[in-house]
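*Asks:* Just dropping this structure here.
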Amino acid sequence: MGRYWLTLRRFWGTALAGQLEYQLNVLIDLLAMAANLAGSLFILSLFFIPADGSAAGADAVRRLGGWSWEEALVVQGVYTLLDGAASTWLRPNLGAIVTHVREGTLDFVLLKPIDSQFWLSSRTLAPAGLSEMALGVGLILWAAPRAGAQLQPVALAVAALMLLAGLVILYSLWFLLAASSIWFVKTWNATEVLRAALTAGRFPVSAYPPGLRLLLTLVLPVAFLTTVPAEAILGRATPTLVGAALVMALVSFSLSRAFWRFALRYYTSASS
Amino acid sequence: MIQVERLCKTYRVAAKQPGLAGTLRHFVNRRSREVSAVRELSFRLEPGEMVGFLGANGAGKTTTLKMLCGLIHPSSGLVRVAGYEPQRRQRAFLEQITLVMGQKQQLIWDLPPLDSLRVNAAVYGLGDAEAQRRITELAEMLELGEELTRPVRKLSLGQRMKAELLAALLHRPSVLFLDEPTLGLDVNAQARVRSFLADYNRRTGATVLLTSHYMADITALCPRVLLIHQGALFHDGALDALAARLAPCRQVRLELAKPAAPEALAPYGELESCEGQAVRLLVPRERLTTVVAELLARFEVLDLEVSDPPIEELIGGLFQQAAVPC
Amino acid sequence: MLSRRRPWAVARALLGNQYALMLEYRAEIALWALSGSLPFIMLALWSEAPAGAALGLGPEGLDRYFLSAFLVRQFSVVWVVFAFEEDALLGRLSPYLLQPLHPLWRYLAAHLAEQLTRLPFAAAIVAVFFAVNPAAFWLPHPGRFVLAWMATLLAFGIAFLLQSLIAALCFWSEKASALERLLFVPFLFFSGLLAPLAAFPPAVRAAALWTPFPYLIDFPARLLAGLPVPLAAGFGAQLAWIALLLPLVLLLWRAGVRRYTAMGA
């Protein structure tokens, strides 16, 4: 384990050093991200404020799939946090897999005396996304108490666990698609389709029509990425829901491990 | 150290016509054919040996190297490297070997080599002090200094290759697989890499298997060469013996004081050309000394030169025919 | 000038060449078409939410608006900045600049060829949409369809010029490509891709109409969906934006090329 820990520290140390060479890019990323969040909140508000401009009266409180404005903001915050984690961690690492395959440098990774999935998944960090994660946390902390959440230690621990489960599911999905580039070097855009589909997670899953809701829970588990952690933050997660999220996380992570082993078997028997 | 017995590798290649129609036809009627990249290869390398691995592009060199590293699984046959079965890629095995590919790089483009070296040290479980000691030692052997603190993209090709070698040797592997380590380097840089490899081999007793397009690398470093042709072993032995085998004749060039008739020269060997005083003859190696003595006695010779066709041409000639006839 | 003497031959050769190239990338383009599915997600939300009913479009109107938004987006996606960056990185730019043909023509041909390759995938997605949701099916009035097609073409023109402007700035600083990411944000929220402009509060809507973004999606999509739309104002604004951007792009591009060649980079 010690070797993995030290390697991880080295990986991220070098990544930070590399990024600081592009300060202007970091600034632009920050700006784009803040504008993005503002725009998302604006679109979300459209569901709560009538088009004629009058503020929603007490008797005509609008809801989105049964969620109030503050509750929906928590979902938005969880989405921002996860999206930040994806920009910081998943996109730079898993996006590089296809480059490794195309340029043949995957060979170097496979010859290292360290787990290749670990290497590929943690090689670098893009710190620009860290501030997006901070924004997400800020939004959650602002909106959760206003939505009536009591932030007690147990509830917080469950919420953290659910966030972690969401992150693991997201990682596994992304890794599965990225690893398939071993076969389909040309279809590296598959992760873009995933990203587009994941934007569904900006909104509570109950806001969608029933058919789509099922799809977003079971096939593309967007529900476990944002809605379930938001429920946990609001103190509404039932034990069944928590159990289902944990099982989902475990299954998808094992699937990603198994798939990588399968992909490597193909790579090592077919590559030239 | 390396043991290879009856090693084979066949690929299944999809037989697809180009274009959209071909793709559709392939989709309906999937056909593939087998291509054998390596056939019945057997050889052994003793610890500390430096062996050149020759063959034309597509002869199966890279496939064999990758099988020795465990990057490609063999179709059949046995491979043992440092006592391990490479394809299992156990940690202990990976810590014993290294692979350097001249046309690919593992160093991170935007960062100084030192950063990549620190990562490698962690991956191979080296302590800071130990890593620093090895970096200093190897950097001295490679004549690398402040280059290690400059971003890789700002280094020359030669400096980059030396840094690559440093990164590949940090964990003191006992088996080195070098695939075209001098590719694209200028003559000076080639010579420096060459002398470093010889030095490293002498100091550490590492076993080295080396492919190169530059015959100078092979002649300078490798007393023994393996030549593969169309996936099969064609020659295993000294480079001189290979030359003798590929070109059993040597070329004798004469400048005579007086023109001689072709018929007078024909008994001494195969006459390549005879224009006035300038004569070119092909003479089998074993008869060379007698023939030269006889020629000197029989004719008035102003100048005489004996030469071998260059080895690159001989290996190149191997594609057209299995052996060069005399 | 080759391009002036035989424009037709050049155009045919360029388009044919680029179409063959794009066919090679058909798998990627299919995925691209699929990744434009955002309007469908938003449609699902708007059709469930009470706020959607308050828009006064009716359920079919909403369906048609978002399907049209999807189609307009499919045929106005622009990636000049990415192509330009790659060409600069791989050293293809210098030879292009030597040819007696403005490099923007090459990018234009590539985009048109890509749209042609995309057509069957987009049609398949539309077919699936109608199969799932037959009530929304409609055939636009031919006159309306032609108008919508022209509006989409103009929307593509504006987007193309906007990105060419950023690409031209890359002659000064390679970091200029990051501007594209910044530009994408207001496009996403003010174009009508996520919500019809009718849903915006009046003040925001009025402000948005002063930017080029609503004319990229909302205006052509409303035309195609058969919703009421101010025709003259819409086309007028589209043409005005093109009239403003075109000379700017050409001037900046010329200055950029001069700088590039002077630097000898």
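Just remember, in the structure tokens the first chain shown is A, the second B, etc., residues are 1-based per chain, and ligands are 1-based in the order shown.
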Using DSSP secondary structure from the backbone, list all helix (DSSP H, G or I) positions within range 243-325 of chain B, as a PyMOL selection string.
*Replies:* chain B and resi 243-246+262-268+285-298+311-320
*Asks:* Going by DSSP on the backbone, which bits of range 21-215 of chain B are strand (DSSP E or B)? Write them as a ChimeraX atom specification, please.
*Replies:* /B:32-45,50-54,76-81,84,97-101,175-179,207-211
*Asks:* So, counting only C-alpha atoms, which residue among B:Glu313, B:Glu34, B:Glu263, B:Asp240 is closest to Thr219 in chain B?
*Replies:*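 Counting only C-alpha atoms, the residue closest to Thr219 in chain B is B:Asp240.
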*Asks:* Extract, using only C-alpha atoms, all DNA, RNA and protein residues at most 9 Å from Leu295 in chain B, discarding same-chain residues fewer than 5 positions from it, and format them as a PDB file with N, CA and C atoms, in the first residue's frame.
*Replies:*
ATOM      1  N   LEU B 265      41.025 -13.980 -67.354  1.00  0.00           N
ATOM      2  CA  LEU B 265      40.685 -13.741 -65.959  1.00  0.00           C
ATOM      3  C   LEU B 265      39.618 -14.714 -65.439  1.00  0.00           C
ATOM      4  N   TYR B 268      39.726 -17.351 -62.466  1.00  0.00           N
ATOM      5  CA  TYR B 268      39.986 -16.962 -61.073  1.00  0.00           C
ATOM      6  C   TYR B 268      38.724 -16.699 -60.261  1.00  0.00           C
ATOM      7  N   THR B 290      44.567 -17.671 -52.043  1.00  0.00           N
ATOM      8  CA  THR B 290      45.239 -18.324 -53.179  1.00  0.00           C
ATOM      9  C   THR B 290      45.009 -17.540 -54.471  1.00  0.00           C
ATOM     10  N   GLU B 300      50.489  -7.986 -64.095  1.00  0.00           N
ATOM     11  CA  GLU B 300      51.169  -6.838 -63.502  1.00  0.00           C
ATOM     12  C   GLU B 300      50.106  -5.936 -62.885  1.00  0.00           C
ATOM     13  N   VAL B 301      49.977  -5.983 -61.554  1.00  0.00           N
ATOM     14  CA  VAL B 301      48.870  -5.320 -60.856  1.00  0.00           C
ATOM     15  C   VAL B 301      49.337  -3.987 -60.290  1.00  0.00           C
TER      16      VAL B 301
END
*Asks:* Taking only C-alpha atoms into account, what are the residues of chain C at most 8 Å from chain A, put as a ChimeraX atom specification?
*Replies:* /C:25,27-28,31-32,34-38,41,44-45,48-52,54-55,175,178-179,181-182,185-186,189,194-195,198-202
*Asks:* Got time to write the residues from that selection, N, CA, C and O atoms, as a compact mmCIF listing (two decimals), in the first residue's frame?
*Replies:*
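New file part.txt:
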# COMPACT_ATOMS: atom_id res chain seq x y z
N TYR C 25 -14.94 9.12 -40.71
CA TYR C 25 -15.20 9.42 -39.30
C TYR C 25 -16.66 9.20 -38.93
O TYR C 25 -17.13 9.77 -37.96
N ALA C 27 -18.38 6.93 -37.54
CA ALA C 27 -18.70 6.43 -36.20
C ALA C 27 -18.65 7.59 -35.19
O ALA C 27 -19.54 7.73 -34.35
N GLU C 28 -17.63 8.42 -35.31
CA GLU C 28 -17.51 9.56 -34.41
C GLU C 28 -18.66 10.53 -34.60
O GLU C 28 -19.19 11.08 -33.65
N LEU C 31 -21.75 9.50 -32.96
CA LEU C 31 -21.72 9.76 -31.52
C LEU C 31 -21.94 11.24 -31.23
O LEU C 31 -22.58 11.60 -30.26
N TRP C 32 -21.37 12.07 -32.09
CA TRP C 32 -21.57 13.52 -31.95
C TRP C 32 -23.04 13.85 -32.02
O TRP C 32 -23.56 14.61 -31.22
N LEU C 34 -25.48 11.97 -31.36
CA LEU C 34 -26.12 11.47 -30.16
C LEU C 34 -25.84 12.39 -28.96
O LEU C 34 -26.69 12.57 -28.10
N SER C 35 -24.63 12.97 -28.92
CA SER C 35 -24.29 13.80 -27.77
C SER C 35 -25.02 15.14 -27.83
O SER C 35 -24.95 15.92 -26.89
N GLY C 36 -25.75 15.40 -28.91
CA GLY C 36 -26.57 16.61 -28.98
C GLY C 36 -27.96 16.39 -28.40
O GLY C 36 -28.89 17.10 -28.74
N SER C 37 -28.07 15.38 -27.52
CA SER C 37 -29.40 14.98 -27.04
C SER C 37 -29.94 15.88 -25.94
O SER C 37 -31.03 15.64 -25.43
N LEU C 38 -29.19 16.91 -25.57
CA LEU C 38 -29.61 17.79 -24.47
C LEU C 38 -31.04 18.32 -24.62
O LEU C 38 -31.80 18.30 -23.64
N ILE C 41 -33.56 15.94 -23.15
CA ILE C 41 -33.60 15.92 -21.69
C ILE C 41 -34.43 17.10 -21.19
O ILE C 41 -35.30 16.96 -20.32
N ALA C 44 -38.11 16.59 -21.70
CA ALA C 44 -38.72 15.73 -20.70
C ALA C 44 -39.06 16.53 -19.45
O ALA C 44 -40.12 16.36 -18.85
N LEU C 45 -38.15 17.44 -19.06
CA LEU C 45 -38.39 18.25 -17.87
C LEU C 45 -39.55 19.22 -18.08
O LEU C 45 -40.45 19.32 -17.25
N GLU C 48 -43.06 17.82 -18.08
CA GLU C 48 -43.57 17.37 -16.79
C GLU C 48 -43.87 18.54 -15.86
O GLU C 48 -44.76 18.47 -15.03
N ALA C 49 -43.09 19.64 -16.01
CA ALA C 49 -43.17 20.72 -15.03
C ALA C 49 -44.39 21.60 -15.28
O ALA C 49 -44.77 21.82 -16.43
N PRO C 50 -44.98 22.12 -14.20
CA PRO C 50 -46.09 23.06 -14.36
C PRO C 50 -45.65 24.30 -15.15
O PRO C 50 -46.45 24.86 -15.92
N ALA C 51 -44.37 24.67 -15.00
CA ALA C 51 -43.87 25.85 -15.71
C ALA C 51 -43.96 25.65 -17.22
O ALA C 51 -44.13 26.60 -17.98
N GLY C 52 -43.87 24.39 -17.66
CA GLY C 52 -43.94 24.12 -19.09
C GLY C 52 -45.34 24.40 -19.63
O GLY C 52 -45.49 24.96 -20.72
N ALA C 54 -47.35 26.49 -18.45
CA ALA C 54 -47.60 27.93 -18.40
C ALA C 54 -47.04 28.66 -19.62
O ALA C 54 -47.32 29.83 -19.83
N LEU C 55 -46.23 27.96 -20.43
CA LEU C 55 -45.64 28.63 -21.60
C LEU C 55 -46.67 28.87 -22.69
O LEU C 55 -46.45 29.67 -23.59
N LYS C 175 -3.52 30.89 -26.66
CA LYS C 175 -4.49 30.73 -25.57
C LYS C 175 -5.87 31.24 -25.97
O LYS C 175 -6.85 31.04 -25.26
N ALA C 178 -9.13 29.32 -25.74
CA ALA C 178 -9.91 29.17 -24.51
C ALA C 178 -11.15 30.07 -24.55
O ALA C 178 -12.13 29.79 -23.87
N LEU C 179 -11.09 31.13 -25.37
CA LEU C 179 -12.24 32.02 -25.49
C LEU C 179 -13.47 31.26 -26.00
O LEU C 179 -14.60 31.61 -25.70
N ARG C 181 -14.42 28.37 -25.16
CA ARG C 181 -15.11 27.77 -24.01
C ARG C 181 -15.98 28.82 -23.33
O ARG C 181 -17.07 28.54 -22.86
N LEU C 182 -15.45 30.07 -23.26
CA LEU C 182 -16.21 31.15 -22.62
C LEU C 182 -17.45 31.49 -23.44
O LEU C 182 -18.52 31.72 -22.90
N VAL C 185 -20.68 29.30 -23.09
CA VAL C 185 -21.57 29.40 -21.92
C VAL C 185 -22.81 30.25 -22.23
O VAL C 185 -23.94 29.76 -22.09
N PRO C 186 -22.65 31.53 -22.68
CA PRO C 186 -23.87 32.28 -23.01
C PRO C 186 -24.66 31.64 -24.14
O PRO C 186 -25.89 31.70 -24.15
N PHE C 189 -26.99 29.02 -22.65
CA PHE C 189 -28.12 29.43 -21.84
C PHE C 189 -29.06 30.41 -22.55
O PHE C 189 -30.22 30.49 -22.22
N LEU C 194 -31.89 25.12 -24.03
CA LEU C 194 -32.34 24.53 -22.77
C LEU C 194 -33.76 24.95 -22.41
O LEU C 194 -34.44 24.23 -21.69
N ALA C 195 -34.15 26.12 -22.85
CA ALA C 195 -35.50 26.62 -22.55
C ALA C 195 -35.88 27.59 -23.66
O ALA C 195 -35.04 28.38 -24.08
N ALA C 198 -39.35 32.15 -24.69
CA ALA C 198 -40.63 32.58 -24.15
C ALA C 198 -40.68 32.36 -22.64
O ALA C 198 -41.45 33.00 -21.93
N ALA C 199 -39.84 31.42 -22.14
CA ALA C 199 -39.86 31.12 -20.71
C ALA C 199 -39.06 32.13 -19.90
O ALA C 199 -39.16 32.15 -18.67
N PHE C 200 -38.24 32.95 -20.58
CA PHE C 200 -37.39 33.89 -19.86
C PHE C 200 -38.23 35.02 -19.27
O PHE C 200 -39.23 35.43 -19.86
N PRO C 201 -37.82 35.59 -18.13
CA PRO C 201 -38.45 36.82 -17.66
C PRO C 201 -38.25 37.91 -18.72
O PRO C 201 -37.21 37.92 -19.39
N PRO C 202 -39.22 38.81 -18.88
CA PRO C 202 -39.18 39.78 -19.99
C PRO C 202 -37.87 40.56 -20.09
O PRO C 202 -37.35 40.74 -21.20
*Asks:* Return the neighbours of chain B among the residues of chain C, cut-off 10 Å, counting only C-alpha atoms, as a list of chain:residue names.
*Replies:*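 Within 10 Å of chain B on chain C, we get C:Ala20, C:Leu23, C:Glu24.
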*Asks:* Give me, as a list in words, the contact residues of chain B against chain A at a cut-off of 6 Å, counting only C-alpha atoms.
*Replies:* Leu71, Ile72, His73, Arg91, Leu94, Val119, Ala122, Val123 and Gly125 of chain B
